[in-house]
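Asker: Here it is, the structure in full.
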Amino acid sequence: MSQAISLTFPDGSVRSYDAGATGRDVAESISKSLAKKAVAIAIDGTVRDLSDPVTTGRIEIITRNDDRALELIRHDAAHVMAEAVQELWPGTQVTIGPVIENGFYYDFAKNEPFTLDDLPKIEKKMKEIIARNAAFTKQVWSREKAKQVFADKGEQYKVELVDAIPAGQDLKIYYQGDWFDLCRGPHMASTGQIGSAFKLLKVAGAYWRGDSNNPMLSRIYGTAFAEQSELDNYLHMLAEAEKRDHRRLGREMDLFHFQEEGPGVVFWHGKGWRVFQTLVAYMRRRLAGDYQEVNAPQVLDKSLWETSGHWGWYRDNMFKVTVAGDDTDDDRVFALKPMNCPGHIQIFKHGLKSYRELPIRLAEFGNVHRYEPSGALHGLMRVRGFTQDDAHIFCTDEQMAAECLKINDLILSVYKDFGFDEVTIKLSTRPDKRVGSDDLWDRAESVMMNVLETIQQQSNNIKTGILPGEGAFYGPKFEYTLKDAIGREWQCGTTQVDFNLPERFGAFYIDSNSEKTQPVMIHRAICGSMERFLGILIENFAGHMPLWVSPVQVVVATITSEADAYGLEVAEALREAGLNVETDFRNEKINYKVREHSVTKVPVIIVCGRKESEERTVNIRRLGSQDQVSMGLDAAVESLALEATPPDIRRKAEAKKAKAA
């Protein structure tokens, strides 16, 4: 036999195998126990079926506890779910069933849509199929055979999928026992390797291929993990997330609402707008001294968006604006701005700029609009109209590294002020389709890689990584992802280097040689969408907002009408100290008042009775605590005023005090 295949193992050792040897053969050659644990292989990083013939390269044997096996477990669980559905409801057509973040789904064509009551039946049948431990086997069919077989089965959606597969691509059919489906793969060795740590979560409607002109299908979502403990933790997180849902808390706290007449835009109530403005005021203070706050128009002629490239790249996501009257001869086409950058370039270009003026940092809390499909809208997290805490820095090439570090320090400091200490920063590098020369990309990526290394050296809490090919078409970028109180990750901030817009708009400054030079343009956002960031805060704190952010910081409630006059005095003292205060002097029992204000997440309730009035004290009750603390009025006002001071103002006051000392 010829020793034709040379394989390199993770430890650096090299072995040779006969041509045609499979991944399973390789695993067995190492040990029988490894072959039993193996679920797939990876050749040069590409995951493949264990039964696939190996090719020369670097090989890894993937076992069930490998991170890469999780996608396989979920993929196989989706197939088993589809088989279970067809066993329970013969005649149901299966369509598409991908793995998604945190789970999987499958869309079915069924006369009656699924209900939540169907999920336990499907789970029971899935356990039976998994227990059969049927092997996953792969066949490659001709296009004609695939269409004929699926047509004979009445699977018209599969016939359409076959037609959509580009010519020249193999049509892979995966069997699990007698049941089979069209699939790219790979799969594990058998259904038994899925295990029992899976759960079907919800049902929903979904249009075939996401097109509202197509039939409505019935979708089942599920999740699966390698271990039951991981599933339990995930289900606990889902339960916590449901309790923390910002849409429900927004209603309870009377912050905002949505309605059909304004799909995807926020109707802010008084309390919600107060929180929103608190965030904006905080961000304004953090930018003061370094940034010029500007404001660019909401509506601009489409020619500007054509120059920027947005009309070509993002036209489907932009709102077009035309004159509504019939008696006008103005046929110009405008657009609501989806982002602030073209307007900021116009401001930069207005008047001649010298290198001595750089860096120029322009910031805007710009209201932008982007079309999102109605099915994608989700409270504050996904809207059509939102406010970007956007900024653009125009600097020299030599200033780029220092500016990126300065932006990083600001972003991390802001997140820390809101209690987010676990942050991941990833550098997204050049995509295949891009603008700018390779020399420019080499320089920008080199600078940003050095910045990333510096960031890592400065902080042990920061995780870093690389996202190859995920950069914007106009330059590399940093993505900042923070982790909330229940372990969810939210991508918020970005720092993006742009070679494209300054060139397209002919932006320049006069350098030290009196020549026109194109500036480096850095886009940066910290919160990203202020609305979304507020939604994240609400869910992170479960509505128990820090005192300095809370819309109502204190409610003064009296036990008896005899204490009302003192209650007014307490409220006025707190207001003079800068707190947002409401009073509750209703003729209700104090426990009823406390429960009611706890539902609306008021962080501090001050209770005043006859005794407190006589002694000039107050009883302080904290949200979520059964305990109460008695304090003198002056001490209570001083303590709460300090606690309600925003962290940036407190830092300045402490620094000033330390300097004076």
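Every chain in the structure tokens has a letter given in the order shown (A, B, ...), and although residue numbers restart at 1 in each chain, ligands are simply numbered from 1 in the order shown.
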Considering only C-alpha atoms, return as a CSV table (one decimal) with N, CA and C atoms, in the first residue's frame whatever protein or nucleic-acid residues lie within 8 Å of Met318 (chain A), sequence-local ones (same chain, fewer than 4 positions apart) excluded.
Answerer:
```csv
chain,number,residue,atom,x,y,z
A,314,TYR,N,-26.2,51.4,0.7
A,314,TYR,CA,-27.2,51.3,1.8
A,314,TYR,C,-28.6,51.9,1.4
A,335,ALA,N,-32.8,62.5,1.3
A,335,ALA,CA,-32.8,61.3,2.2
A,335,ALA,C,-32.7,61.8,3.6
A,336,LEU,N,-33.4,61.1,4.5
A,336,LEU,CA,-33.2,61.2,5.9
A,336,LEU,C,-31.8,60.6,6.2
A,337,LYS,N,-31.0,61.3,7.0
A,337,LYS,CA,-29.6,60.8,7.1
A,337,LYS,C,-29.6,59.5,8.0
A,338,PRO,N,-28.9,58.4,7.4
A,338,PRO,CA,-28.8,57.2,8.2
A,338,PRO,C,-27.5,57.2,9.1
A,369,HIS,N,-32.0,57.8,10.9
A,369,HIS,CA,-33.1,56.9,10.5
A,369,HIS,C,-32.6,55.8,9.5
A,370,ARG,N,-32.9,54.6,9.9
A,370,ARG,CA,-32.5,53.5,9.0
A,370,ARG,C,-33.7,52.5,8.9
A,371,TYR,N,-34.0,52.1,7.7
A,371,TYR,CA,-35.1,51.2,7.6
A,371,TYR,C,-34.7,49.8,8.0
```
Asker: Write out as a ChimeraX atom specification the set of residues from region 267-369 of chain A that DSSP, computed on the backbone, places in alpha helix (DSSP H).
Answerer: /A:270-287,302-308,310-314,341-349
Asker: For the selection just defined, write its residues with N, CA and C atoms to a file, as a compact mmCIF listing (two decimals), in the first residue's frame.
Answerer:
```
# COMPACT_ATOMS: atom_id res chain seq x y z
N GLY A 270 -42.25 61.33 30.05
CA GLY A 270 -41.46 62.28 30.83
C GLY A 270 -40.30 61.65 31.57
N LYS A 271 -40.58 60.53 32.25
CA LYS A 271 -39.51 59.89 33.04
C LYS A 271 -38.43 59.30 32.14
N GLY A 272 -38.86 58.68 31.04
CA GLY A 272 -37.89 58.10 30.13
C GLY A 272 -37.01 59.16 29.48
N TRP A 273 -37.62 60.28 29.10
CA TRP A 273 -36.85 61.36 28.48
C TRP A 273 -35.86 61.96 29.47
N ARG A 274 -36.24 61.95 30.75
CA ARG A 274 -35.33 62.45 31.78
C ARG A 274 -34.09 61.57 31.86
N VAL A 275 -34.28 60.24 31.80
CA VAL A 275 -33.13 59.33 31.82
C VAL A 275 -32.29 59.53 30.57
N PHE A 276 -32.96 59.64 29.42
CA PHE A 276 -32.25 59.83 28.15
C PHE A 276 -31.39 61.08 28.22
N GLN A 277 -31.95 62.17 28.71
CA GLN A 277 -31.20 63.42 28.79
C GLN A 277 -30.09 63.35 29.83
N THR A 278 -30.27 62.52 30.86
CA THR A 278 -29.20 62.30 31.83
C THR A 278 -28.00 61.65 31.15
N LEU A 279 -28.27 60.67 30.28
CA LEU A 279 -27.19 60.01 29.53
C LEU A 279 -26.49 61.00 28.60
N VAL A 280 -27.29 61.80 27.89
CA VAL A 280 -26.71 62.76 26.95
C VAL A 280 -25.87 63.80 27.70
N ALA A 281 -26.39 64.28 28.83
CA ALA A 281 -25.64 65.28 29.61
C ALA A 281 -24.32 64.70 30.12
N TYR A 282 -24.37 63.45 30.57
CA TYR A 282 -23.14 62.78 31.01
C TYR A 282 -22.13 62.71 29.88
N MET A 283 -22.58 62.26 28.69
CA MET A 283 -21.67 62.13 27.56
C MET A 283 -21.13 63.50 27.14
N ARG A 284 -21.96 64.53 27.19
CA ARG A 284 -21.49 65.89 26.84
C ARG A 284 -20.34 66.31 27.77
N ARG A 285 -20.51 66.01 29.04
CA ARG A 285 -19.46 66.39 29.99
C ARG A 285 -18.17 65.63 29.70
N ARG A 286 -18.29 64.36 29.31
CA ARG A 286 -17.11 63.55 29.04
C ARG A 286 -16.36 64.03 27.79
N LEU A 287 -17.07 64.70 26.89
CA LEU A 287 -16.45 65.18 25.65
C LEU A 287 -15.93 66.60 25.77
N LYS A 302 -29.84 63.81 -2.28
CA LYS A 302 -29.31 62.47 -2.52
C LYS A 302 -27.92 62.51 -3.17
N SER A 303 -27.58 63.62 -3.84
CA SER A 303 -26.26 63.72 -4.47
C SER A 303 -25.14 63.58 -3.44
N LEU A 304 -25.39 64.09 -2.23
CA LEU A 304 -24.39 63.97 -1.17
C LEU A 304 -24.19 62.51 -0.79
N TRP A 305 -25.30 61.76 -0.74
CA TRP A 305 -25.23 60.34 -0.38
C TRP A 305 -24.66 59.51 -1.52
N GLU A 306 -24.81 60.00 -2.75
CA GLU A 306 -24.17 59.32 -3.87
C GLU A 306 -22.65 59.50 -3.80
N THR A 307 -22.23 60.70 -3.46
CA THR A 307 -20.80 60.95 -3.33
C THR A 307 -20.20 60.11 -2.20
N SER A 308 -20.89 60.04 -1.09
CA SER A 308 -20.38 59.28 0.06
C SER A 308 -20.36 57.78 -0.20
N HIS A 310 -23.11 55.95 0.21
CA HIS A 310 -24.22 55.33 0.95
C HIS A 310 -25.40 55.00 0.03
N TRP A 311 -25.61 55.85 -0.97
CA TRP A 311 -26.75 55.61 -1.86
C TRP A 311 -26.57 54.28 -2.60
N GLY A 312 -25.34 53.97 -2.94
CA GLY A 312 -25.07 52.71 -3.61
C GLY A 312 -25.03 51.52 -2.68
N TRP A 313 -24.43 51.73 -1.49
CA TRP A 313 -24.24 50.61 -0.56
C TRP A 313 -25.47 50.36 0.31
N TYR A 314 -26.16 51.43 0.74
CA TYR A 314 -27.20 51.29 1.77
C TYR A 314 -28.56 51.85 1.35
N CYS A 341 -21.66 60.95 9.26
CA CYS A 341 -20.32 61.24 8.73
C CYS A 341 -20.28 62.18 7.54
N PRO A 342 -21.17 62.05 6.52
CA PRO A 342 -21.07 63.01 5.40
C PRO A 342 -21.27 64.46 5.84
N GLY A 343 -22.19 64.68 6.79
CA GLY A 343 -22.41 66.04 7.29
C GLY A 343 -21.19 66.58 8.00
N HIS A 344 -20.48 65.72 8.74
CA HIS A 344 -19.30 66.17 9.48
C HIS A 344 -18.16 66.52 8.52
N ILE A 345 -18.08 65.80 7.42
CA ILE A 345 -17.05 66.14 6.43
C ILE A 345 -17.32 67.52 5.82
N GLN A 346 -18.60 67.83 5.62
CA GLN A 346 -18.93 69.16 5.08
C GLN A 346 -18.49 70.25 6.06
N ILE A 347 -18.66 69.98 7.36
CA ILE A 347 -18.26 70.96 8.37
C ILE A 347 -16.74 71.10 8.40
N PHE A 348 -16.04 69.96 8.29
CA PHE A 348 -14.58 70.02 8.27
C PHE A 348 -14.07 70.80 7.07
N LYS A 349 -14.73 70.60 5.92
CA LYS A 349 -14.28 71.23 4.68
C LYS A 349 -14.58 72.73 4.63
```
Asker: Set the distance at 7 Å and use only C-alpha atoms: which residues neighbour Ser142 (chain A) once local chain neighbours fewer than 3 positions away are removed? I'd like the list as number ranges by chain.
Answerer: A: 145-146, 171
Asker: Mind checking which residues fall within 8 Å of Gly154 (chain A), counting only C-alpha atoms, ignoring those fewer than 2 positions away in the same chain, and posting them as a PyMOL selection string?
Answerer: chain A and resi 91+93+150-152+156
Asker: Quick one: distance from CA of Thr454 (chain A) to CA of Arg651 (chain A) in Å, one decimal?
Answerer: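 Distance reported for this atom pair: 25.1 Å.
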Asker: I want to know what sits within 12 Å of Arg575 (chain A), based on only C-alpha atoms, with residues of the same chain fewer than 4 positions away left out; could you give that as a list in words?
Answerer: Val552, Gln553, Val554, Val555, Val556, Leu568, Glu569, Val570, Ala571, Leu579, Asn580, Val581, Glu582, Thr583, Val637, Glu638, Leu640, Ala641 and Ala644 of chain A
